[in-house]
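Student: Got a structure here, written out as structure tokens. Questions coming.
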Amino acid sequence: MTIRTRFAPSPTGFVHIGSLRTALFSFLFARSQKGVHVLRVEDTDQSRQVEGTLENLLKVLKEVGVEFDEGFYIKDDDTIAERGEYGPYLQSKRLDKYQKTAKKLIEGQKAYYCFCSTERLDELKKEQIALKKPYTYDRLCRNLSADEIKLKLEKFKAENKNPVIRFAIPLEGQTIVRDLIYGDIKYDHQVLDDQVIIKSDGFPTYHLAVVVDDHLMEITHVIRGEEWLPSTPKHLLIYEALGWEPTKFAHLPLILNPDKSKLSKRQGDVAVEDFLKHGYLKEALVNFVAFLGWNPKTDQELFGIDELVEQFNLAKVNKSGAVFDDNKLDWFNSQYIKKLEAGALAEKLKPFWGEAGIDISKFTDIYLAAIAKLEQERLKKLSEIRERTVYFFKQPEYDAKLLIWKKSDAKDAKTKLEGLQKVFEDLTEQALKNANELQLILEAHITEIGSDKGSVLWPLRAALTGLEKSPGPFEVAATLAIGLGKKEIINRIQAAIGKLA
RNA sequence: GGCGCUAUCGUCUAAUGGUUAGGACAACAGCUUUUCAAGCUGUGAAUCGGAGUUCGAUUCUCCGUAGCGCUACCA
């Protein structure tokens, strides 16, 4: 039998990092089982719709490499389309199916109309809380006679209102959830609430919609967050009432804030698009997120998405929540940045330079790649490139004090820079563009004048970069020479000398 | 309040009825060094508590404790 699994987001905003993890795991599971991965959109809450969410979701998931075989996708012309035999894949277009199912449940006395007002429900809950009793619906409408129901139905109709429909939880017994990750969990029917399954606006709630759709779409495995575990027995009961075979369930442990609460917007970035925007590579994000709750049980940490597909196994998913640790993400990111070729890195860096107001069209790709190479082992995220490399695009501004090495003084710095100026003037462009060769020449110069390295190299580096911290002077000079030529280097040395005068 | 889940270094985690409880990130120190980074080497750091089972429990069971999740006409 073909495995069919699905990712079923609500279009209510940005793509949460937790959603990414769920989508990634269902994708990895589907692929690893040679199964089908379905994207279904759960838009049953009309009030929470956010325009453009689906498009964004599709874009983000595509960007990071989570693919779908059925449901919505982005066509080559950038428009959204639907594919698959089980559509529509948008719940608001499937209302007839939920209505039909709800009717069937009512006819079988597995569900009932509820005419209680929200005021009464609020009041009821308040009372229950005051009495420290479990707060659930008191099932007032569950035992209405046929006549009473008919009467109330008419009254509602006259007022242009609709009653909700509640599922009738069996009064006794228990349901066992057999979870692929958490194992068997028992729930007593007594503590389960008679959940609303059709709202007064005619839309289903999640509980009904998820069961109907998973059944109709022939989903075999539901992979979702742990927060759904407590409502799973209700879903199982609906399957049973309908005489349907339930799907298998795999609940994923929660992703946590540093304070161990469920990962939320309040405590920093949780939008996948923001991580991408801030210069995290998709490979790093995917690798990191895959390791939140899963690991291969070996020492290997770096996994490409294909490798993840190969190794993924639900049995290796653990049960406890995992704190989202920025440090580790940064480490993954720097690992993947280091793997890039200089040219490819430069390409990825271009938008970040652009944002910093640097007109990169004025500079050659060779130059940009050389700069990228210099920063490659220093970058934790691409966005850091701005402040680190401005000096490659315009003369740095800095205080004269910066030019003075800790073991030296201004007068000495000036002398050393004057000496350097002569050395650079005599250099061929060719020698200048090669950091190794340049290093040999400068070291020879240092030996010749009988100096220590620091008092020469520190002022040089400072003059070129205007920064306290930067890559070494040889690499910087060689790179500068590639993009801006020897003259620029001499200019900067002269500017430094001027500051010390 | 009710129900449920979870519990190994600060964090992600590995392991086993018998180990010096392993790795990675982070931290710290050293090496290297003109600064920073990278790299290399090293250090500190954990089985929530209490019973029980057992020759032996971090591992199995129970009870606590703590944390978290759910408890909507939201998903």
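Naming works like this for the structure tokens: A, B, ... for the chains as they're shown, residue 1 at the start of each chain, ligands 1 onward in shown order.
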Give me, as a PDB file with C-alpha atoms, in the first residue's frame, the residues of chain A touching chain B, with the criterion being at most 6 Å (counting only C-alpha atoms (C1' of nucleotides)).

Tutor:
ATOM      1  CA  LYS A 132     -12.952  24.047  40.661  1.00  0.00           C
ATOM      2  CA  LYS A 133     -14.688  21.535  38.495  1.00  0.00           C
ATOM      3  CA  PRO A 134     -13.441  20.393  35.101  1.00  0.00           C
ATOM      4  CA  LYS A 199     -19.790  26.067  13.722  1.00  0.00           C
ATOM      5  CA  GLU A 227      -0.130  19.820  20.895  1.00  0.00           C
ATOM      6  CA  PRO A 230      -4.929  15.417  23.605  1.00  0.00           C
ATOM      7  CA  SER A 320      10.839  15.325  24.710  1.00  0.00           C
ATOM      8  CA  LYS A 328      23.783  25.723  17.191  1.00  0.00           C
ATOM      9  CA  GLU A 377      35.389  31.515   7.530  1.00  0.00           C
ATOM     10  CA  ARG A 378      34.280  34.440   9.661  1.00  0.00           C
ATOM     11  CA  GLY A 454      53.303  44.196  14.709  1.00  0.00           C
ATOM     12  CA  LEU A 457      51.457  45.243   9.987  1.00  0.00           C
ATOM     13  CA  TRP A 458      48.993  46.686  12.474  1.00  0.00           C
ATOM     14  CA  LYS A 469      39.228  43.630  13.676  1.00  0.00           C
ATOM     15  CA  SER A 470      39.518  42.359  10.144  1.00  0.00           C
TER      16      SER A 470
END

Student: Quick one: everything within 8 Å of stretch 309-314 of chain A, counting only C-alpha atoms (C1' of nucleotides), minus sequence neighbours fewer than 2 positions away in the same chain. Send it as a PyMOL selection string.

Tutor: chain A and resi 28-29+31-32+180-181+250+296+305-307+316-317

Student: In Å, with one decimal, what is the gap from atom CA of A:Phe424 to atom CA of A:Ala410?

Tutor: 20.7 Å

Student: Between A:Gly483, A:Pro471, A:Gly279, A:Gly35, which one has atoms that come closest to A:Thr220, using only C-alpha atoms?

Tutor: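 Using only C-alpha atoms, A:Thr220 sits closest to A:Gly35.
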
Student: Write out as a VMD selection string the residues lying within 12 Å of stretch 52-61 of chain B, counting only C-alpha atoms (C1' of nucleotides) and excluding same-chain residues fewer than 6 positions away.

Tutor: chain B and resid 7 to 8 15 to 19 21 46

Student: What gap, in Å, lies between atom CA of A:Val36 and atom CA of A:Glu70?

Tutor: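 These atoms are spaced 7.5 Å apart.
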
Student: I need the residues in stretch 194-343 of chain A that are alpha helix (DSSP H) according to DSSP; give them as a VMD selection string.

Tutor: chain A and resid 206 to 216 232 to 242 272 to 277 282 to 290 305 to 311 326 to 339 342 to 343

Student: Contacts of stretch 281-294 of chain A at 7 Å or less, counting only C-alpha atoms (C1' of nucleotides), minus same-chain residues fewer than 3 places along, as a compact mmCIF listing (two decimals) with N, CA and C atoms, in the first residue's frame?

Tutor:
# COMPACT_ATOMS: atom_id res chain seq x y z
N ARG A 21 9.33 22.41 10.66
CA ARG A 21 9.77 21.11 11.17
C ARG A 21 8.73 20.03 10.86
N VAL A 64 13.19 25.94 0.65
CA VAL A 64 14.01 25.09 1.52
C VAL A 64 14.03 23.63 1.06
N PRO A 253 7.50 15.96 19.02
CA PRO A 253 7.71 16.77 20.23
C PRO A 253 7.76 18.26 19.88
N LEU A 276 15.69 33.22 6.59
CA LEU A 276 16.26 33.28 5.25
C LEU A 276 16.74 34.70 4.95
N LEU A 302 26.25 16.78 9.86
CA LEU A 302 25.94 17.51 8.65
C LEU A 302 25.20 16.61 7.66
N PHE A 303 23.96 16.98 7.39
CA PHE A 303 23.14 16.19 6.49
C PHE A 303 22.49 17.07 5.44
N GLY A 304 22.64 16.69 4.20
CA GLY A 304 21.89 17.34 3.13
C GLY A 304 20.50 16.75 3.14
N LYS A 316 13.22 6.93 15.21
CA LYS A 316 14.33 7.65 15.82
C LYS A 316 13.94 9.05 16.31
N VAL A 317 12.65 9.35 16.20
CA VAL A 317 12.20 10.65 16.70
C VAL A 317 11.99 10.50 18.21
N ASN A 318 12.49 11.47 18.98
CA ASN A 318 12.31 11.33 20.42
C ASN A 318 11.11 12.12 20.94
N ALA A 322 12.37 20.11 22.35
CA ALA A 322 13.74 20.54 22.11
C ALA A 322 13.81 22.06 22.06
N LEU A 329 22.35 26.77 15.58
CA LEU A 329 21.94 27.17 14.22
C LEU A 329 23.07 27.95 13.55
N PHE A 332 25.74 25.57 12.42
CA PHE A 332 25.36 24.88 11.18
C PHE A 332 25.52 25.83 9.99
N ASN A 333 25.08 27.06 10.20
CA ASN A 333 25.14 28.01 9.10
C ASN A 333 26.59 28.27 8.68
N TYR A 336 27.90 25.49 6.55
CA TYR A 336 27.45 25.47 5.16
C TYR A 336 28.02 26.65 4.38

Student: Identify which of the residues A:Arg83, A:Lys161, A:Val15, A:Ile238 lies closest to A:Ala102, counting only C-alpha atoms when measuring atom-to-atom distances.

Tutor: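 Of the candidates, the smallest distance to A:Ala102 is held by A:Ile238.
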
Student: Find the distance between atom CA of A:Arg142 and atom CA of A:Thr101 and write it in Å to one decimal.

Tutor: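 Separation between atom CA of A:Arg142 and atom CA of A:Thr101: 18.2 Å.
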
Student: Using backbone DSSP assignments, extract all strand (DSSP E or B) residues from stretch 144-275 of chain A; output them as a ChimeraX atom specification.

Tutor: /A:164-167,174-179,183-188,196-198,204,221-225,248-252,255-256,262,271

Student: Any chance you could export the current selection's C-alpha atoms as an mmCIF file, in the first residue's frame?

Tutor:
data_model
loop_
_atom_site.group_PDB
_atom_site.id
_atom_site.type_symbol
_atom_site.label_atom_id
_atom_site.label_comp_id
_atom_site.auth_asym_id
_atom_site.auth_seq_id
_atom_site.Cartn_x
_atom_site.Cartn_y
_atom_site.Cartn_z
ATOM 1 C CA VAL A 164 -23.787 24.404 16.059
ATOM 2 C CA ILE A 165 -23.365 20.675 15.868
ATOM 3 C CA ARG A 166 -21.576 18.828 18.619
ATOM 4 C CA PHE A 167 -20.081 15.385 18.544
ATOM 5 C CA GLN A 174 -11.854 4.738 26.978
ATOM 6 C CA THR A 175 -9.973 5.238 23.777
ATOM 7 C CA ILE A 176 -6.402 4.223 23.285
ATOM 8 C CA VAL A 177 -4.281 6.361 21.018
ATOM 9 C CA ARG A 178 -1.537 4.289 19.461
ATOM 10 C CA ASP A 179 1.039 6.831 18.577
ATOM 11 C CA GLY A 183 3.287 4.754 22.224
ATOM 12 C CA ASP A 184 -0.119 3.840 23.645
ATOM 13 C CA ILE A 185 -1.974 6.495 25.603
ATOM 14 C CA LYS A 186 -5.313 5.902 27.296
ATOM 15 C CA TYR A 187 -8.025 8.529 27.535
ATOM 16 C CA ASP A 188 -11.203 8.096 29.537
ATOM 17 C CA VAL A 196 -18.341 21.466 18.323
ATOM 18 C CA ILE A 197 -17.790 19.979 14.879
ATOM 19 C CA ILE A 198 -19.855 22.401 12.795
ATOM 20 C CA PRO A 204 -16.458 22.666 10.315
ATOM 21 C CA HIS A 221 -0.099 8.689 8.313
ATOM 22 C CA VAL A 222 -0.787 11.913 10.132
ATOM 23 C CA ILE A 223 2.350 13.652 11.306
ATOM 24 C CA ARG A 224 1.643 16.698 13.431
ATOM 25 C CA GLY A 225 2.781 18.517 16.545
ATOM 26 C CA LYS A 248 -1.834 6.168 11.898
ATOM 27 C CA PHE A 249 -0.622 9.002 14.066
ATOM 28 C CA ALA A 250 2.847 10.296 14.780
ATOM 29 C CA HIS A 251 3.039 13.290 17.074
ATOM 30 C CA LEU A 252 6.208 15.316 17.046
ATOM 31 C CA ILE A 255 10.026 23.029 19.734
ATOM 32 C CA LEU A 256 10.678 25.213 22.751
ATOM 33 C CA LYS A 262 6.227 26.325 23.258
ATOM 34 C CA ALA A 271 9.332 32.999 10.851
#

Student: For A:Lys126, please output as number ranges by chain all residues within 9 Å (counting only C-alpha atoms (C1' of nucleotides); exclusion window: fewer than 5 positions along the same chain).

Tutor: A: 121, 131, 135
